[in-house]
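The next block is upload.cif, given as mmCIF, C-alpha atoms.
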data_coords
loop_
_atom_site.group_PDB
_atom_site.id
_atom_site.type_symbol
_atom_site.label_atom_id
_atom_site.label_comp_id
_atom_site.auth_asym_id
_atom_site.auth_seq_id
_atom_site.Cartn_x
_atom_site.Cartn_y
_atom_site.Cartn_z
ATOM 1 C CA MET G 114 14.821 50.535 41.680
ATOM 2 C CA SER G 115 18.151 50.391 39.861
ATOM 3 C CA PHE G 116 18.707 47.831 37.214
ATOM 4 C CA GLU G 117 21.364 46.124 39.340
ATOM 5 C CA ALA G 118 18.953 45.790 42.235
ATOM 6 C CA LEU G 119 16.348 44.352 39.912
ATOM 7 C CA ARG G 120 18.900 41.847 38.580
ATOM 8 C CA ARG G 121 19.861 40.797 42.112
ATOM 9 C CA GLU G 122 16.232 40.368 43.052
ATOM 10 C CA ILE G 123 15.419 38.221 40.010
ATOM 11 C CA LEU G 124 18.454 35.989 40.528
ATOM 12 C CA GLU G 125 17.839 35.648 44.265
ATOM 13 C CA SER G 126 14.294 34.679 43.540
ATOM 14 C CA ALA G 127 15.513 32.102 41.039
ATOM 15 C CA GLU G 128 18.017 30.755 43.605
ATOM 16 C CA LYS G 129 15.233 30.473 46.144
ATOM 17 C CA GLU G 130 13.060 28.564 43.709
ATOM 18 C CA ALA G 131 15.997 26.333 42.815
ATOM 19 C CA ASN G 132 16.644 25.620 46.498
ATOM 20 C CA ARG G 133 12.981 24.860 47.068
ATOM 21 C CA ILE G 134 12.989 22.435 44.110
ATOM 22 C CA LEU G 135 16.135 20.710 45.384
ATOM 23 C CA GLU G 136 14.848 20.554 48.943
ATOM 24 C CA GLU G 137 11.601 19.025 47.763
ATOM 25 C CA ALA G 138 13.500 16.485 45.611
ATOM 26 C CA ARG G 139 15.755 15.531 48.522
ATOM 27 C CA SER G 140 12.748 15.098 50.762
ATOM 28 C CA LYS G 141 10.981 12.921 48.174
ATOM 29 C CA ALA G 142 14.153 10.880 47.657
ATOM 30 C CA GLU G 143 14.464 10.348 51.393
ATOM 31 C CA LYS G 144 10.836 9.208 51.521
ATOM 32 C CA ILE G 145 11.350 6.814 48.568
ATOM 33 C CA LEU G 146 14.378 5.261 50.281
ATOM 34 C CA LYS G 147 12.627 5.040 53.644
ATOM 35 C CA GLU G 148 9.651 3.288 52.076
ATOM 36 C CA ALA G 149 11.943 0.911 50.177
ATOM 37 C CA GLU G 150 13.871 0.099 53.346
ATOM 38 C CA ASP G 151 10.659 -0.563 55.279
ATOM 39 C CA LYS G 152 9.356 -2.734 52.482
ATOM 40 C CA ALA G 153 12.687 -4.552 52.246
ATOM 41 C CA GLU G 154 12.603 -5.229 55.976
ATOM 42 C CA ALA G 155 9.098 -6.679 55.645
ATOM 43 C CA ILE G 156 10.236 -8.838 52.722
ATOM 44 C CA LYS G 157 13.242 -10.068 54.719
ATOM 45 C CA ARG G 158 11.043 -10.889 57.723
ATOM 46 C CA ARG G 159 8.580 -12.773 55.506
ATOM 47 C CA LYS G 160 11.399 -14.604 53.730
ATOM 48 C CA ARG G 161 13.020 -15.567 57.014
ATOM 49 C CA SER G 162 9.684 -16.736 58.344
ATOM 50 C CA ASP G 163 9.104 -18.826 55.167
ATOM 51 C CA VAL G 164 12.586 -20.342 55.411
ATOM 52 C CA GLU G 165 12.077 -21.173 59.086
ATOM 53 C CA ALA G 166 8.662 -22.717 58.383
ATOM 54 C CA ARG G 167 10.160 -24.853 55.599
ATOM 55 C CA LEU G 168 13.063 -25.936 57.811
ATOM 56 C CA ARG G 169 10.728 -26.701 60.746
ATOM 57 C CA ASN G 170 8.600 -28.809 58.440
ATOM 58 C CA ASN G 171 11.686 -30.617 57.087
ATOM 59 C CA MET G 172 12.825 -31.205 60.640
ATOM 60 C CA GLU G 173 9.457 -32.633 61.727
ATOM 61 C CA VAL G 174 9.420 -34.997 58.747
ATOM 62 C CA ALA G 175 13.015 -36.115 59.350
ATOM 63 C CA LEU G 176 12.344 -36.720 63.049
ATOM 64 C CA ALA G 177 9.095 -38.582 62.354
ATOM 65 C CA VAL G 178 10.904 -40.858 59.882
ATOM 66 C CA LYS G 179 13.684 -41.452 62.418
ATOM 67 C CA ARG G 180 11.132 -42.307 65.132
ATOM 68 C CA LEU G 181 9.491 -44.799 62.781
ATOM 69 C CA GLU G 182 12.886 -46.352 62.053
ATOM 70 C CA GLY G 183 13.512 -46.543 65.801
ATOM 71 C CA LYS G 184 10.166 -48.210 66.456
ATOM 72 C CA ARG G 185 10.908 -50.630 63.627
ATOM 73 C CA LEU G 186 14.222 -51.516 65.271
ATOM 74 C CA VAL G 187 12.419 -52.303 68.558
ATOM 75 C CA TYR G 188 9.721 -54.215 66.656
ATOM 76 C CA MET G 189 12.371 -56.305 64.856
ATOM 77 C CA LYS G 190 13.934 -57.225 68.198
ATOM 78 C CA ILE G 191 10.513 -58.278 69.523
ATOM 79 C CA MET G 192 9.912 -60.362 66.390
ATOM 80 C CA GLU G 193 13.319 -61.995 66.866
ATOM 81 C CA LEU G 194 12.412 -62.828 70.483
ATOM 82 C CA LEU G 195 9.056 -64.274 69.402
ATOM 83 C CA ARG G 196 10.793 -66.460 66.825
ATOM 84 C CA MET G 197 13.193 -67.690 69.507
ATOM 85 C CA VAL G 198 10.306 -68.343 71.907
ATOM 86 C CA GLU G 199 8.406 -70.283 69.273
ATOM 87 C CA GLU G 200 11.437 -72.339 68.296
ATOM 88 C CA ALA G 201 12.193 -73.128 71.947
ATOM 89 C CA SER G 202 8.532 -74.061 72.507
ATOM 90 C CA VAL G 203 8.610 -76.418 69.533
ATOM 91 C CA GLU G 204 11.758 -78.042 70.922
ATOM 92 C CA ARG G 205 10.166 -78.381 74.361
ATOM 93 C CA LEU G 206 6.972 -79.876 72.875
ATOM 94 C CA ASP G 207 9.059 -82.254 70.799
ATOM 95 C CA ASP G 208 10.809 -83.400 73.975
ATOM 96 C CA ILE G 209 7.394 -84.067 75.532
ATOM 97 C CA ARG G 210 6.253 -85.939 72.428
ATOM 98 C CA ARG G 211 9.285 -88.230 72.629
ATOM 99 C CA ASP G 212 8.778 -88.932 76.337
ATOM 100 C CA ARG G 213 5.947 -91.500 76.715
ATOM 101 C CA SER G 214 5.452 -90.764 80.411
ATOM 102 C CA ARG G 215 4.801 -87.094 79.690
ATOM 103 C CA TYR G 216 3.106 -87.449 76.314
ATOM 104 C CA LEU G 217 0.390 -89.962 77.225
ATOM 105 C CA PRO G 218 -1.233 -87.791 79.928
ATOM 106 C CA VAL G 219 -1.368 -84.972 77.373
ATOM 107 C CA ILE G 220 -3.120 -87.173 74.807
ATOM 108 C CA LYS G 221 -5.564 -88.429 77.450
ATOM 109 C CA ASN G 222 -6.287 -84.872 78.459
ATOM 110 C CA PHE G 223 -6.937 -83.924 74.810
ATOM 111 C CA ILE G 224 -9.346 -86.884 74.456
ATOM 112 C CA GLU G 225 -11.329 -85.791 77.511
ATOM 113 C CA LYS G 226 -11.475 -82.255 76.210
ATOM 114 C CA GLY G 227 -12.391 -83.478 72.745
ATOM 115 C CA PHE G 228 -15.487 -85.284 74.006
ATOM 116 C CA SER G 229 -16.419 -82.272 76.048
ATOM 117 C CA GLU G 230 -15.940 -79.836 73.165
ATOM 118 C CA LEU G 231 -17.705 -82.017 70.599
ATOM 119 C CA GLY G 232 -20.547 -82.816 73.018
ATOM 120 C CA VAL G 233 -20.883 -86.396 71.727
ATOM 121 C CA GLU G 234 -20.706 -89.871 73.254
ATOM 122 C CA ARG G 235 -19.143 -91.489 70.177
ATOM 123 C CA ALA G 236 -16.140 -90.017 68.443
ATOM 124 C CA LYS G 237 -13.182 -90.717 66.208
ATOM 125 C CA MET G 238 -9.625 -89.892 67.136
ATOM 126 C CA PHE G 239 -7.108 -89.309 64.338
ATOM 127 C CA TYR G 240 -3.457 -89.618 65.242
ATOM 128 C CA SER G 241 -0.190 -88.974 63.438
ATOM 129 C CA ILE G 242 1.627 -91.850 61.715
ATOM 130 C CA GLU G 243 4.536 -91.164 64.036
ATOM 131 C CA ASP G 244 2.389 -91.852 67.115
ATOM 132 C CA GLU G 245 0.912 -95.154 65.899
ATOM 133 C CA ASP G 246 3.001 -97.460 68.106
ATOM 134 C CA LEU G 247 2.350 -95.353 71.148
ATOM 135 C CA ILE G 248 -1.400 -95.000 70.601
ATOM 136 C CA LYS G 249 -1.899 -98.708 69.893
ATOM 137 C CA SER G 250 -0.052 -99.696 73.037
ATOM 138 C CA VAL G 251 -2.327 -97.721 75.336
ATOM 139 C CA ASP G 252 -5.733 -98.408 76.809
ATOM 140 C CA PHE G 253 -7.694 -95.145 76.682
ATOM 141 C CA LYS G 254 -10.666 -96.447 78.716
ATOM 142 C CA GLU G 255 -9.913 -94.172 81.632
ATOM 143 C CA ALA G 256 -9.757 -91.109 79.433
ATOM 144 C CA VAL G 257 -12.825 -92.144 77.453
ATOM 145 C CA LYS G 258 -14.920 -92.591 80.633
ATOM 146 C CA GLY G 259 -17.414 -94.990 79.121
ATOM 147 C CA PHE G 260 -17.736 -93.112 75.805
ATOM 148 C CA ASP G 261 -17.062 -94.797 72.492
ATOM 149 C CA LEU G 262 -13.781 -93.798 70.809
ATOM 150 C CA THR G 263 -12.587 -95.146 67.447
ATOM 151 C CA LEU G 264 -8.859 -94.770 66.831
ATOM 152 C CA VAL G 265 -7.922 -93.837 63.259
ATOM 153 C CA ASN G 266 -4.450 -93.528 61.745
ATOM 154 C CA SER G 267 -4.741 -90.219 59.908
ATOM 155 C CA GLY G 268 -2.122 -91.295 57.376
ATOM 156 C CA GLU G 269 -0.530 -87.893 57.934
ATOM 157 C CA ARG G 270 2.510 -86.758 59.808
ATOM 158 C CA PHE G 271 1.643 -83.923 62.134
ATOM 159 C CA PHE G 272 3.550 -82.525 65.041
ATOM 160 C CA GLY G 273 2.110 -84.081 68.227
ATOM 161 C CA GLY G 274 -1.416 -84.211 69.613
ATOM 162 C CA ILE G 275 -4.577 -85.536 68.018
ATOM 163 C CA ILE G 276 -7.592 -84.562 65.961
ATOM 164 C CA MET G 277 -11.066 -85.682 67.043
ATOM 165 C CA SER G 278 -14.383 -85.627 65.258
ATOM 166 C CA ASP G 279 -17.917 -86.882 65.650
ATOM 167 C CA VAL G 280 -18.557 -90.224 63.932
ATOM 168 C CA ASP G 281 -19.839 -88.487 60.791
ATOM 169 C CA GLU G 282 -16.669 -86.373 60.626
ATOM 170 C CA LYS G 283 -18.690 -83.194 60.435
ATOM 171 C CA VAL G 284 -17.412 -81.451 63.516
ATOM 172 C CA PHE G 285 -13.730 -81.509 64.424
ATOM 173 C CA TYR G 286 -11.711 -80.771 67.517
ATOM 174 C CA ILE G 287 -8.118 -79.968 66.542
ATOM 175 C CA ALA G 288 -5.614 -80.622 69.283
ATOM 176 C CA THR G 289 -2.350 -81.016 67.418
ATOM 177 C CA PHE G 290 0.685 -79.390 69.038
ATOM 178 C CA GLU G 291 1.219 -77.335 65.917
ATOM 179 C CA GLY G 292 -2.364 -76.044 65.840
ATOM 180 C CA ARG G 293 -2.516 -75.331 69.552
ATOM 181 C CA LEU G 294 0.904 -73.655 69.476
ATOM 182 C CA ARG G 295 -0.275 -71.349 66.691
ATOM 183 C CA GLU G 296 -3.489 -70.643 68.588
ATOM 184 C CA VAL G 297 -1.664 -69.809 71.823
ATOM 185 C CA MET G 298 0.888 -67.637 70.006
ATOM 186 C CA ASP G 299 -1.930 -65.656 68.365
ATOM 187 C CA ARG G 300 -4.498 -65.551 71.153
ATOM 188 C CA ASP G 301 -2.054 -64.908 74.016
ATOM 189 C CA LEU G 302 0.438 -62.743 72.178
ATOM 190 C CA HIS G 303 -0.137 -59.848 74.611
ATOM 191 C CA ILE G 304 0.498 -62.145 77.584
ATOM 192 C CA ILE G 305 3.636 -63.594 75.976
ATOM 193 C CA LEU G 306 4.902 -60.066 75.284
ATOM 194 C CA ASP G 307 4.178 -59.068 78.886
ATOM 195 C CA ILE G 308 6.174 -62.075 80.104
ATOM 196 C CA LEU G 309 9.068 -61.191 77.789
ATOM 197 C CA ARG G 310 8.962 -57.603 79.098
ATOM 198 C CA GLY G 311 8.932 -58.897 82.663
ATOM 199 C CA ASP G 312 5.440 -57.430 83.179
ATOM 200 C CA ASP G 313 3.666 -60.709 83.898
ATOM 201 C CA GLY G 314 2.896 -59.694 87.456
ATOM 202 C CA LYS G 315 5.348 -62.170 88.958
ATOM 203 C CA MET A 203 15.170 51.394 26.472
ATOM 204 C CA SER A 204 15.861 48.541 24.050
ATOM 205 C CA GLU A 205 19.224 47.874 25.655
ATOM 206 C CA GLU A 206 17.618 47.673 29.098
ATOM 207 C CA LEU A 207 15.018 45.326 27.775
ATOM 208 C CA ASN A 208 17.710 43.095 26.326
ATOM 209 C CA ARG A 209 19.605 43.070 29.597
ATOM 210 C CA LEU A 210 16.388 42.199 31.398
ATOM 211 C CA ILE A 211 15.751 39.320 29.042
ATOM 212 C CA GLU A 212 19.329 38.164 29.639
ATOM 213 C CA ILE A 213 18.777 38.217 33.398
ATOM 214 C CA GLU A 214 15.495 36.302 33.043
ATOM 215 C CA ARG A 215 17.312 33.700 30.934
ATOM 216 C CA GLU A 216 19.998 33.444 33.609
ATOM 217 C CA ALA A 217 17.306 32.964 36.277
ATOM 218 C CA GLU A 218 15.570 30.328 34.170
ATOM 219 C CA GLU A 219 18.883 28.507 33.765
ATOM 220 C CA ILE A 220 19.335 28.412 37.539
ATOM 221 C CA VAL A 221 15.847 26.951 37.976
ATOM 222 C CA GLU A 222 16.337 24.496 35.081
ATOM 223 C CA LYS A 223 19.616 23.283 36.559
ATOM 224 C CA ALA A 224 17.885 22.807 39.883
ATOM 225 C CA ARG A 225 15.092 20.813 38.185
ATOM 226 C CA ALA A 226 17.663 18.661 36.415
ATOM 227 C CA GLU A 227 19.509 18.081 39.664
ATOM 228 C CA ALA A 228 16.204 17.294 41.393
ATOM 229 C CA ASN A 229 15.382 14.723 38.711
ATOM 230 C CA ARG A 230 18.817 13.192 39.106
ATOM 231 C CA ILE A 231 18.347 12.991 42.877
ATOM 232 C CA LEU A 232 14.933 11.314 42.466
ATOM 233 C CA GLU A 233 16.195 8.952 39.783
ATOM 234 C CA GLU A 234 19.112 7.954 41.991
ATOM 235 C CA ALA A 235 16.745 7.390 44.924
ATOM 236 C CA ARG A 236 14.418 5.228 42.799
ATOM 237 C CA SER A 237 17.380 3.237 41.524
ATOM 238 C CA LYS A 238 18.671 2.708 45.083
ATOM 239 C CA ALA A 239 15.175 1.740 46.233
ATOM 240 C CA GLU A 240 14.923 -0.795 43.433
ATOM 241 C CA LYS A 241 18.305 -2.233 44.394
ATOM 242 C CA ILE A 242 17.300 -2.451 48.064
ATOM 243 C CA LEU A 243 14.097 -4.344 47.162
ATOM 244 C CA LYS A 244 15.931 -6.641 44.740
ATOM 245 C CA GLU A 245 18.481 -7.506 47.419
ATOM 246 C CA ALA A 246 15.666 -8.174 49.873
ATOM 247 C CA GLU A 247 13.956 -10.525 47.421
ATOM 248 C CA GLU A 248 17.194 -12.386 46.817
ATOM 249 C CA ILE A 249 18.186 -12.708 50.449
ATOM 250 C CA SER A 250 19.079 -16.144 51.825
ATOM 251 C CA PHE A 251 19.641 -17.233 55.396
ATOM 252 C CA PRO A 252 22.578 -19.632 55.449
ATOM 253 C CA GLU A 253 23.001 -19.171 59.203
ATOM 254 C CA VAL A 254 19.365 -20.176 59.801
ATOM 255 C CA GLU A 255 19.748 -23.191 57.494
ATOM 256 C CA GLU A 256 22.952 -24.154 59.297
ATOM 257 C CA GLU A 257 21.311 -23.781 62.701
ATOM 258 C CA TYR A 258 18.390 -26.028 61.728
ATOM 259 C CA LYS A 259 20.744 -28.585 60.189
ATOM 260 C CA ARG A 260 22.666 -28.701 63.462
ATOM 261 C CA LYS A 261 19.410 -29.020 65.450
ATOM 262 C CA ILE A 262 18.112 -31.803 63.168
ATOM 263 C CA ASP A 263 21.382 -33.732 63.423
ATOM 264 C CA GLU A 264 21.296 -33.426 67.215
ATOM 265 C CA GLU A 265 17.662 -34.542 67.473
ATOM 266 C CA LEU A 266 18.183 -37.431 65.042
ATOM 267 C CA ALA A 267 21.143 -38.649 67.072
ATOM 268 C CA LYS A 268 19.079 -38.414 70.292
ATOM 269 C CA ILE A 269 16.184 -40.379 68.786
ATOM 270 C CA GLU A 270 18.525 -43.012 67.369
ATOM 271 C CA GLU A 271 20.225 -43.436 70.727
ATOM 272 C CA THR A 272 16.880 -43.626 72.581
ATOM 273 C CA PHE A 273 15.500 -46.359 70.340
ATOM 274 C CA ARG A 274 18.817 -48.221 70.199
ATOM 275 C CA LYS A 275 18.819 -48.369 74.000
ATOM 276 C CA GLU A 276 15.146 -49.356 74.061
ATOM 277 C CA ALA A 277 15.751 -52.149 71.517
ATOM 278 C CA GLU A 278 18.740 -53.388 73.530
ATOM 279 C CA SER A 279 16.735 -53.294 76.751
ATOM 280 C CA VAL A 280 13.730 -55.070 75.174
ATOM 281 C CA TYR A 281 16.020 -57.760 73.777
ATOM 282 C CA SER A 282 18.045 -58.381 76.939
ATOM 283 C CA THR A 283 14.914 -58.421 79.141
ATOM 284 C CA GLY A 284 13.265 -60.743 76.616
ATOM 285 C CA ILE A 285 16.231 -63.133 76.693
ATOM 286 C CA LYS A 286 16.094 -63.183 80.509
ATOM 287 C CA ASN A 287 12.377 -64.032 80.430
ATOM 288 C CA LEU A 288 12.447 -66.307 77.398
ATOM 289 C CA GLU A 289 12.212 -69.533 79.432
ATOM 290 C CA LYS A 290 9.216 -68.150 81.353
ATOM 291 C CA ALA A 291 7.453 -67.401 78.084
ATOM 292 C CA VAL A 292 8.217 -70.895 76.791
ATOM 293 C CA ASP A 293 6.894 -72.399 80.062
ATOM 294 C CA TYR A 294 3.663 -70.447 79.635
ATOM 295 C CA ILE A 295 3.208 -71.447 75.970
ATOM 296 C CA VAL A 296 3.962 -75.121 76.489
ATOM 297 C CA ARG A 297 1.625 -75.227 79.503
ATOM 298 C CA LYS A 298 -1.156 -73.675 77.428
ATOM 299 C CA VAL A 299 -0.541 -76.014 74.484
ATOM 300 C CA ILE A 300 -0.737 -79.199 76.504
ATOM 301 C CA GLU A 301 -3.338 -78.242 79.111
#
Please rewrite the model in this file as structure tokens.
Amino acid sequence: MSFEALRREILESAEKEANRILEEARSKAEKILKEAEDKAEAIKRRKRSDVEARLRNNMEVALAVKRLEGKRLVYMKIMELLRMVEEASVERLDDIRRDRSRYLPVIKNFIEKGFSELGVERAKMFYSIEDEDLIKSVDFKEAVKGFDLTLVNSGERFFGGIIMSDVDEKVFYIATFEGRLREVMDRDLHIILDILRGDDGK
Amino acid sequence: MSEELNRLIEIEREAEEIVEKARAEANRILEEARSKAEKILKEAEEISFPEVEEEYKRKIDEELAKIEETFRKEAESVYSTGIKNLEKAVDYIVRKVIE
């Protein structure tokens, strides 16, 4: 082999090795970039998913708060209606209290119920200062039905009705308008709400 | 003989230089790839989704408006029905108080 041929062979071999090295480097570089891109895609998907989860959560909270505000608005309207109903009831009861022909039957009815509730034959009936003239001008024999009833000025001003007790004042039957109104408003609230909603079955 | 040997050594050196250059170029290629990869990952970590945020904001605003309107109508309806039936409720209460 001539020297020139040997030279060509050595350099060609070196070129081949250089090409192999470069090819291998390019292949590795391609792999590094591919892996980075895949990883980046995964990161982006995870980040997007995290952002969406956070936004969904924010949305649920915001909507829940808004629903509560909405329910509160409805509740406030119902409370306003109940206040109006109570005020109108008080006015109506006051009208009854001022009308002897309507008020006396109510008092007599309360007396009958009082005896029945207390389960006694002798009782005391306490009335409001405001009702003194009315009470003293009436004969309650019919309502008492042979039982013994002592009339007592309570010395207090209360809104309509009476309070009864046994003679020892141990057991009481409260039948003031105010007390019964409160009782009806509490006990029958669901019925009152049904009536206001038009769901009273009528 | 000595001259041939020297020429041979010269050729070997030339061949080594070719391979060394290739190695250097290979290192540069790999370094560049690593640097690009790092940049790609950094960009991925720093990504934000303004369009997604905007979309959710729009959805939330829409839903909030719907809920507000629903409850506003319900409150109005409850109130107007209640006003219509107010006297009935008063009748019931007064009847129960005095009966």
- Message: Between CA of Val280 (chain A) and CA of Leu266 (chain A), what is the distance in Å, rounded to a tenth?
- Response: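 So the two atoms, CA of Val280 (chain A) and CA of Leu266 (chain A), lie 20.8 Å apart.
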- Message: If I take CA of Phe260 (chain G) and CA of Ile287 (chain G), how far is one from the other in Å, to one decimal?
- Response: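 About the pair CA of Phe260 (chain G) and CA of Ile287 (chain G): they are 18.7 Å apart.
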- Item | Residues near region 214-224 of chain A, cut-off 12 Å, all atoms listed in the file, skip fewer than 6 positions along chain, as a ChimeraX atom specification | /G:119-139 /A:207-208,230-231
Care to translate the PyMOL selection byres ((chain A and resi 250) around 9) into actual residues of this file, as an mmCIF file with C-alpha atoms, in the coordinates of the input?
data_model
loop_
_atom_site.group_PDB
_atom_site.id
_atom_site.type_symbol
_atom_site.label_atom_id
_atom_site.label_comp_id
_atom_site.auth_asym_id
_atom_site.auth_seq_id
_atom_site.Cartn_x
_atom_site.Cartn_y
_atom_site.Cartn_z
ATOM 1 C CA LYS G 157 13.242 -10.068 54.719
ATOM 2 C CA LYS G 160 11.399 -14.604 53.730
ATOM 3 C CA ARG G 161 13.020 -15.567 57.014
ATOM 4 C CA VAL G 164 12.586 -20.342 55.411
ATOM 5 C CA ALA A 246 15.666 -8.174 49.873
ATOM 6 C CA GLU A 247 13.956 -10.525 47.421
ATOM 7 C CA GLU A 248 17.194 -12.386 46.817
ATOM 8 C CA ILE A 249 18.186 -12.708 50.449
ATOM 9 C CA PHE A 251 19.641 -17.233 55.396
ATOM 10 C CA PRO A 252 22.578 -19.632 55.449
ATOM 11 C CA GLU A 253 23.001 -19.171 59.203
ATOM 12 C CA VAL A 254 19.365 -20.176 59.801
#
- Query: When the PyMOL selection byres ((chain A and resi 291-301) around 7) is applied to the file above, which residues end up in the set, as a list of chain:residue names?
  - Reply: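 With the PyMOL selection byres ((chain A and resi 291-301) around 7) on this model, the match is G:Val198, G:Ala201, G:Ser202, G:Leu206, G:Val219, G:Phe290, G:Arg293, G:Leu294, G:Val297, G:Ile305, G:Ile308, G:Leu309, A:Asn287, A:Leu288, A:Glu289, A:Lys290.
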- To one decimal in Å, tell me the separation between CA of Met277 (chain G) and CA of Glu199 (chain G). 24.9 Å
Hey, could you pull the box centre and edge lengths for region 165-181 of chain G, axis-aligned, 5 Å padding per side, all listed atoms, to one decimal in Å, as lines of an AutoDock Vina configuration file?
center_x = 11.1
center_y = -33.0
center_z = 60.4
size_x = 15.1
size_y = 33.6
size_z = 19.5
- Message: as an MDAnalysis selection string, please: the residues near region 234-238 of chain G (cut-off 9 Å, all atoms listed in the file, same-chain neighbours under 4 positions excluded).
- Response: chainID G and resid 224 227:228 259:267 275:282
Please rebuild region 264-276 of chain A with N, CA and C atoms and give the result as a CSV table (one decimal), in the frame of the given file.
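Result written to rebuild-v3.csv:
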chain,number,residue,atom,x,y,z
A,264,GLU,N,21.3,-33.1,65.8
A,264,GLU,CA,21.3,-33.4,67.2
A,264,GLU,C,20.1,-34.3,67.6
A,265,GLU,N,18.9,-33.8,67.1
A,265,GLU,CA,17.7,-34.5,67.5
A,265,GLU,C,17.7,-36.0,66.9
A,266,LEU,N,18.1,-36.1,65.7
A,266,LEU,CA,18.2,-37.4,65.0
A,266,LEU,C,19.1,-38.4,65.9
A,267,ALA,N,20.2,-37.8,66.3
A,267,ALA,CA,21.1,-38.6,67.1
A,267,ALA,C,20.5,-39.1,68.4
A,268,LYS,N,19.7,-38.1,69.0
A,268,LYS,CA,19.1,-38.4,70.3
A,268,LYS,C,18.1,-39.5,70.1
A,269,ILE,N,17.2,-39.4,69.0
A,269,ILE,CA,16.2,-40.4,68.8
A,269,ILE,C,16.8,-41.7,68.5
A,270,GLU,N,17.9,-41.7,67.7
A,270,GLU,CA,18.5,-43.0,67.4
A,270,GLU,C,19.0,-43.7,68.6
A,271,GLU,N,19.7,-42.9,69.5
A,271,GLU,CA,20.2,-43.4,70.7
A,271,GLU,C,19.1,-44.0,71.6
A,272,THR,N,18.0,-43.2,71.7
A,272,THR,CA,16.9,-43.6,72.6
A,272,THR,C,16.3,-45.0,72.1
A,273,PHE,N,16.1,-45.1,70.8
A,273,PHE,CA,15.5,-46.4,70.3
A,273,PHE,C,16.5,-47.5,70.3
A,274,ARG,N,17.8,-47.2,70.1
A,274,ARG,CA,18.8,-48.2,70.2
A,274,ARG,C,18.9,-48.8,71.6
A,275,LYS,N,18.8,-47.9,72.6
A,275,LYS,CA,18.8,-48.4,74.0
A,275,LYS,C,17.6,-49.2,74.3
A,276,GLU,N,16.4,-48.7,73.8
A,276,GLU,CA,15.1,-49.4,74.1
A,276,GLU,C,15.2,-50.8,73.4
